[in-house]
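The next block is start23.cif, given as mmCIF, C-alpha atoms.
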```
data_input
#
loop_
_atom_site.label_atom_id
_atom_site.label_comp_id
_atom_site.auth_asym_id
_atom_site.auth_seq_id
_atom_site.Cartn_x
_atom_site.Cartn_y
_atom_site.Cartn_z
CA GLY A 1 0.00 0.00 0.00
CA ALA A 2 0.92 3.66 -0.21
CA GLY A 3 3.36 4.95 2.34
CA VAL A 4 3.74 8.39 3.83
CA SER A 5 4.13 11.05 1.17
CA GLN A 6 5.41 14.58 1.48
CA SER A 7 5.36 17.56 -0.83
CA PRO A 8 7.18 19.38 -2.12
CA ARG A 9 10.31 17.26 -2.02
CA TYR A 10 12.50 20.32 -2.38
CA LYS A 11 11.80 23.93 -1.54
CA VAL A 12 14.00 26.96 -1.97
CA ALA A 13 12.82 30.08 -0.18
CA LYS A 14 14.19 33.54 0.20
CA ARG A 15 14.73 34.68 3.75
CA GLY A 16 11.53 36.16 5.06
CA GLN A 17 9.17 34.12 2.89
CA ASP A 18 6.50 31.86 4.31
CA VAL A 19 6.51 28.18 3.36
CA ALA A 20 4.02 25.34 3.75
CA LEU A 21 5.04 21.70 3.80
CA ARG A 22 2.49 18.95 3.33
CA CYS A 23 2.32 15.45 4.73
CA ASP A 24 -0.05 12.68 3.66
CA PRO A 25 0.14 9.91 6.26
CA ILE A 26 -0.75 6.29 5.74
CA SER A 27 -4.52 6.00 5.57
CA GLY A 28 -6.04 5.20 8.94
CA HIS A 29 -2.98 6.14 10.98
CA VAL A 30 -3.95 7.93 14.14
CA SER A 31 -0.63 9.45 15.06
CA LEU A 32 1.40 11.92 13.04
CA PHE A 33 4.80 13.38 13.85
CA TRP A 34 6.96 16.13 12.39
CA TYR A 35 10.73 16.11 12.71
CA GLN A 36 13.51 18.46 11.66
CA GLN A 37 16.75 16.89 10.47
CA ALA A 38 19.73 19.16 10.13
CA LEU A 39 22.62 18.12 7.92
CA GLY A 40 24.63 15.34 9.53
CA GLN A 41 22.27 15.00 12.47
CA GLY A 42 19.47 12.73 13.56
CA PRO A 43 15.84 13.83 13.36
CA GLU A 44 14.64 16.11 16.14
CA PHE A 45 11.04 16.03 17.30
CA LEU A 46 8.91 19.04 16.44
CA THR A 47 5.28 18.16 17.11
CA TYR A 48 2.80 15.33 17.50
CA PHE A 49 -0.85 14.89 16.51
CA GLN A 50 -3.32 12.27 17.60
CA ASN A 51 -6.04 12.50 15.00
CA GLU A 52 -6.73 16.24 14.69
CA ALA A 53 -5.50 17.13 18.17
CA GLN A 54 -2.03 18.55 18.51
CA LEU A 55 -0.99 16.95 21.79
CA ASP A 56 2.64 17.99 21.88
CA LYS A 57 4.29 20.96 20.21
CA SER A 58 7.18 21.28 22.59
CA GLY A 59 9.76 20.77 19.85
CA LEU A 60 8.70 23.68 17.65
CA PRO A 61 11.72 26.02 17.74
CA SER A 62 9.84 29.31 17.63
CA ASP A 63 6.43 30.84 17.15
CA ARG A 64 7.21 31.10 13.45
CA PHE A 65 6.52 27.38 13.22
CA PHE A 66 2.92 26.22 13.10
CA ALA A 67 1.40 22.82 12.33
CA GLU A 68 -2.14 21.68 11.76
CA ARG A 69 -4.08 18.53 10.94
CA PRO A 70 -7.66 19.80 10.75
CA GLU A 71 -9.40 16.60 9.62
CA GLY A 72 -7.12 14.10 11.26
CA SER A 73 -5.40 13.01 8.07
CA VAL A 74 -3.27 15.41 5.98
CA SER A 75 -1.01 17.71 7.96
CA THR A 76 0.70 20.96 7.06
CA LEU A 77 3.78 22.43 8.68
CA LYS A 78 4.02 26.15 8.09
CA ILE A 79 7.07 28.27 8.67
CA GLN A 80 6.61 32.01 8.65
CA ARG A 81 9.32 34.55 7.88
CA THR A 82 11.87 31.83 7.12
CA GLN A 83 15.42 32.23 8.38
CA GLN A 84 18.60 30.60 7.14
CA GLU A 85 18.76 28.42 10.24
CA ASP A 86 15.46 26.86 9.17
CA SER A 87 17.28 25.10 6.32
CA ALA A 88 16.92 21.38 6.99
CA VAL A 89 15.03 18.29 5.93
CA TYR A 90 11.55 18.14 7.43
CA LEU A 91 10.35 14.61 8.00
CA CYS A 92 6.82 13.47 8.62
CA ALA A 93 5.98 10.12 10.18
CA SER A 94 2.77 8.32 11.03
CA SER A 95 1.85 5.36 13.17
CA LEU A 96 -1.27 3.27 13.44
CA GLY A 97 -2.06 3.81 17.07
CA ALA A 98 -1.17 6.05 19.93
CA GLY A 99 1.04 3.75 21.96
CA VAL A 100 4.45 2.31 21.35
CA GLU A 101 3.97 1.92 17.67
CA THR A 102 6.42 1.77 14.83
CA GLN A 103 6.64 5.07 12.98
CA TYR A 104 6.65 5.10 9.19
CA PHE A 105 8.52 7.98 7.66
CA GLY A 106 7.99 9.95 4.50
CA PRO A 107 10.87 10.90 2.19
CA GLY A 108 11.10 14.39 3.66
CA THR A 109 11.06 17.92 2.31
CA ARG A 110 14.45 19.53 1.91
CA LEU A 111 14.13 23.24 2.66
CA LEU A 112 16.86 25.65 1.69
CA VAL A 113 16.51 29.25 2.83
CA LEU A 114 18.73 31.70 0.98
CA ALA B 1 16.36 13.34 30.25
CA GLN B 2 16.10 10.86 27.44
CA SER B 3 18.87 10.43 24.91
CA VAL B 4 20.76 8.00 22.77
CA ALA B 5 24.38 8.11 21.75
CA GLN B 6 25.98 6.61 18.70
CA PRO B 7 29.68 6.87 19.44
CA GLU B 8 30.87 6.12 15.90
CA ASP B 9 30.26 8.55 13.07
CA GLN B 10 31.35 5.90 10.58
CA VAL B 11 31.87 2.15 10.51
CA ASN B 12 33.82 0.44 7.73
CA VAL B 13 33.51 -3.28 7.13
CA ALA B 14 34.33 -5.67 4.32
CA GLU B 15 31.55 -7.51 2.57
CA GLY B 16 30.91 -10.87 4.17
CA ASN B 17 32.30 -9.82 7.56
CA PRO B 18 30.12 -9.30 10.62
CA LEU B 19 29.11 -5.75 11.44
CA THR B 20 28.21 -3.93 14.63
CA VAL B 21 26.78 -0.43 14.93
CA LYS B 22 26.81 0.80 18.51
CA CYS B 23 24.10 2.58 20.47
CA THR B 24 23.82 3.47 24.14
CA TYR B 25 20.80 5.06 25.76
CA SER B 26 19.81 7.10 28.76
CA VAL B 27 16.16 7.03 29.76
CA SER B 28 14.03 7.10 32.85
CA GLY B 29 12.14 3.86 33.25
CA ASN B 30 11.93 1.04 30.75
CA PRO B 31 13.19 2.01 27.32
CA TYR B 32 11.59 1.31 24.01
CA LEU B 33 14.42 1.11 21.49
CA PHE B 34 14.41 1.26 17.73
CA TRP B 35 16.77 1.07 14.80
CA TYR B 36 16.11 2.86 11.52
CA VAL B 37 18.10 2.98 8.29
CA GLN B 38 18.22 5.91 5.89
CA TYR B 39 19.27 5.66 2.28
CA PRO B 40 20.19 8.81 0.31
CA ASN B 41 17.21 11.06 -0.47
CA ARG B 42 14.83 8.70 1.26
CA GLY B 43 13.02 8.68 4.56
CA LEU B 44 13.93 6.52 7.50
CA GLN B 45 12.99 2.86 7.23
CA PHE B 46 12.18 0.79 10.29
CA LEU B 47 14.55 -2.14 10.97
CA LEU B 48 13.61 -3.48 14.39
CA LYS B 49 12.48 -2.59 17.87
CA TYR B 50 12.79 -3.75 21.46
CA ILE B 51 9.78 -3.37 23.72
CA THR B 52 10.06 -6.22 26.18
CA GLY B 53 10.94 -9.88 26.29
CA ASP B 54 13.89 -11.56 24.62
CA ASN B 55 16.97 -9.37 24.67
CA LEU B 56 17.92 -10.44 21.15
CA VAL B 57 15.63 -8.85 18.60
CA LYS B 58 15.55 -9.90 14.97
CA GLY B 59 14.53 -7.46 12.28
CA SER B 60 14.48 -6.76 8.59
CA TYR B 61 17.20 -7.62 6.06
CA GLY B 62 18.97 -10.02 8.43
CA PHE B 63 19.72 -7.41 11.10
CA GLU B 64 19.44 -8.07 14.80
CA ALA B 65 20.07 -6.10 17.94
CA GLU B 66 20.86 -7.03 21.51
CA PHE B 67 19.37 -5.15 24.43
CA ASN B 68 21.74 -5.01 27.38
CA LYS B 69 20.20 -3.35 30.41
CA SER B 70 23.33 -3.36 32.57
CA GLN B 71 25.34 -1.62 29.87
CA THR B 72 22.39 0.48 28.65
CA SER B 73 23.21 -0.56 25.11
CA PHE B 74 21.30 -1.66 22.04
CA HIS B 75 23.89 -2.51 19.42
CA LEU B 76 22.84 -3.37 15.87
CA LYS B 77 24.45 -6.45 14.35
CA LYS B 78 24.51 -8.53 11.20
CA PRO B 79 26.51 -11.75 10.76
CA SER B 80 27.52 -11.08 7.15
CA ALA B 81 27.51 -7.57 5.66
CA LEU B 82 26.39 -6.78 2.13
CA VAL B 83 27.50 -3.84 0.00
CA SER B 84 23.83 -2.87 -0.20
CA ASP B 85 23.78 -2.41 3.59
CA SER B 86 25.81 0.78 3.14
CA ALA B 87 23.61 3.54 4.52
CA LEU B 88 23.04 5.78 7.51
CA TYR B 89 21.76 4.05 10.64
CA PHE B 90 19.90 5.73 13.47
CA CYS B 91 19.15 4.44 16.94
CA ALA B 92 16.12 5.89 18.72
CA VAL B 93 14.58 5.65 22.17
CA ARG B 94 11.05 6.29 23.30
CA ALA B 95 10.29 6.79 26.98
CA LEU B 96 7.54 4.88 28.70
CA TYR B 97 5.83 7.88 30.20
CA ASN B 98 6.15 10.11 27.14
CA PHE B 99 5.57 7.81 24.23
CA ASN B 100 4.90 10.69 21.90
CA LYS B 101 8.56 11.49 21.59
CA PHE B 102 11.35 9.68 19.90
CA TYR B 103 14.91 10.73 20.61
CA PHE B 104 17.28 9.90 17.80
CA GLY B 105 21.02 9.47 17.84
CA SER B 106 23.20 11.43 15.47
CA GLY B 107 23.57 8.50 13.11
CA THR B 108 26.34 6.14 12.01
CA LYS B 109 27.39 5.86 8.40
CA LEU B 110 28.01 2.24 7.49
CA ASN B 111 30.37 1.60 4.59
CA VAL B 112 30.55 -1.96 3.31
CA LYS B 113 33.36 -2.47 0.84
CA PRO B 114 33.39 -5.26 -1.75
#
```
Would you mind giving the structure from this file in structure tokens?
Amino acid sequence: GAGVSQSPRYKVAKRGQDVALRCDPISGHVSLFWYQQALGQGPEFLTYFQNEAQLDKSGLPSDRFFAERPEGSVSTLKIQRTQQEDSAVYLCASSLGAGVETQYFGPGTRLLVL
Amino acid sequence: AQSVAQPEDQVNVAEGNPLTVKCTYSVSGNPYLFWYVQYPNRGLQFLLKYITGDNLVKGSYGFEAEFNKSQTSFHLKKPSALVSDSALYFCAVRALYNFNKFYFGSGTKLNVKP
């Protein structure tokens, strides 16, 4: 079946622009996660949704970062007024339940802020 | 605080030889431990996980990992390496009381030479 998909795969933005990154999780998956992966580093947790509820946003680095999942399926990560330090790969993952479930990752969106 | 450490940035091994990729963890309570592999321009793929039970966990593509509570380690192993195993490997831990969050190590690049 279809896995987690993300779009766009690559995004170049000028400093100060707003960007929106989309994640389509596996159908029926309750949990959805966003991660930021800097070059040469492991993924770092940004935020977590259980269905449409954003239960944990403790990893969002600033109030310029905003995520939503209004209908409990597709999610969008929005970054306002992008800065160069926002350049990274943004990974989305989903899991079937809300417990200790295996996460399935999308291919990521590589964001480059110039 | 929860964390994992991957002490080796890179591991080199000849094809056909056994391989080990090291991971140590620090977590309050019982750990849930995972290994993921990342190929270039692709998302993380799940290899195996330890939740409870047998300390030796078998996973995908012939990989296995041994949970050692006294040494707080969860090393990834494979008896005979393939060139196609060359990739970036990440260890991750999920805490019992905060199962929303994964903490990833910084990754180990595995190079398998023919």
*Can you turn the PyMOL selection byres ((chain B and resi 64-75) around 8) into a concrete residue list for this file, as a list in words?*
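For this structure, the PyMOL selection byres ((chain B and resi 64-75) around 8) resolves to Thr20, Val21, Lys22, Cys23, Thr24, Tyr25, Ser26, Leu33, Leu48, Tyr50, Asn55, Leu56, Val57, Lys58, Gly59, Gly62, Phe63, Leu76, Lys77 and Lys78 of chain B.
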*For this file, the PyMOL selection byres ((chain B) within 10 of (chain A)) selects which residues, as a count of residues only?*
37
*List the residues selected by the PyMOL selection byres ((chain A and resi 68-85) around 7) in the file shown, writing them as JSON, numbers by chain.*
{"A": [15, 16, 17, 18, 19, 20, 21, 22, 23, 24, 25, 51, 52, 64, 65, 66, 67, 86, 87, 113, 114]}
_Quick one: residues within 8 Å of B:Asn12, all atoms listed in the file, excluding same-chain residues fewer than 2 positions away - as number ranges by chain?_
B: 10, 14, 110-113
*To one decimal place, how far is atom CA of B:Pro18 from atom CA of B:Ala81 in Å?*
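Pair atom CA of B:Pro18 / atom CA of B:Ala81 returns 5.9 Å.
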Residue completion, stretch 56-72 of chain A, N, CA and C atoms, as a compact mmCIF listing (two decimals), in the frame of the given file:
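Saved the output as out.txt:
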```txt
# COMPACT_ATOMS: atom_id res chain seq x y z
N ASP A 56 1.30 17.62 21.43
CA ASP A 56 2.64 17.99 21.88
C ASP A 56 3.27 18.85 20.80
N LYS A 57 3.58 20.09 21.15
CA LYS A 57 4.29 20.96 20.21
C LYS A 57 5.54 21.53 20.85
N SER A 58 6.04 20.78 21.81
CA SER A 58 7.18 21.28 22.59
C SER A 58 8.45 21.41 21.78
N GLY A 59 8.55 20.72 20.64
CA GLY A 59 9.76 20.77 19.85
C GLY A 59 9.80 21.89 18.82
N LEU A 60 8.71 22.59 18.63
CA LEU A 60 8.70 23.68 17.65
C LEU A 60 9.67 24.76 18.12
N PRO A 61 10.63 25.15 17.28
CA PRO A 61 11.72 26.02 17.74
C PRO A 61 11.33 27.46 18.00
N SER A 62 10.26 27.93 17.38
CA SER A 62 9.84 29.31 17.63
C SER A 62 8.38 29.45 17.22
N ASP A 63 7.83 30.62 17.53
CA ASP A 63 6.43 30.84 17.15
C ASP A 63 6.26 31.08 15.66
N ARG A 64 7.34 31.02 14.91
CA ARG A 64 7.21 31.10 13.45
C ARG A 64 6.77 29.76 12.86
N PHE A 65 6.87 28.72 13.67
CA PHE A 65 6.52 27.38 13.22
C PHE A 65 5.11 27.05 13.71
N PHE A 66 4.30 26.54 12.77
CA PHE A 66 2.92 26.22 13.10
C PHE A 66 2.53 24.96 12.33
N ALA A 67 1.84 24.05 12.99
CA ALA A 67 1.40 22.82 12.33
C ALA A 67 -0.08 22.59 12.58
N GLU A 68 -0.72 21.97 11.61
CA GLU A 68 -2.14 21.68 11.76
C GLU A 68 -2.48 20.36 11.07
N ARG A 69 -3.58 19.78 11.51
CA ARG A 69 -4.08 18.53 10.94
C ARG A 69 -5.60 18.55 11.13
N PRO A 70 -6.26 19.45 10.44
CA PRO A 70 -7.66 19.80 10.75
C PRO A 70 -8.66 18.66 10.65
N GLU A 71 -8.44 17.69 9.78
CA GLU A 71 -9.40 16.60 9.62
C GLU A 71 -8.82 15.26 10.06
N GLY A 72 -7.70 15.32 10.72
CA GLY A 72 -7.12 14.10 11.26
C GLY A 72 -6.41 13.23 10.23
```
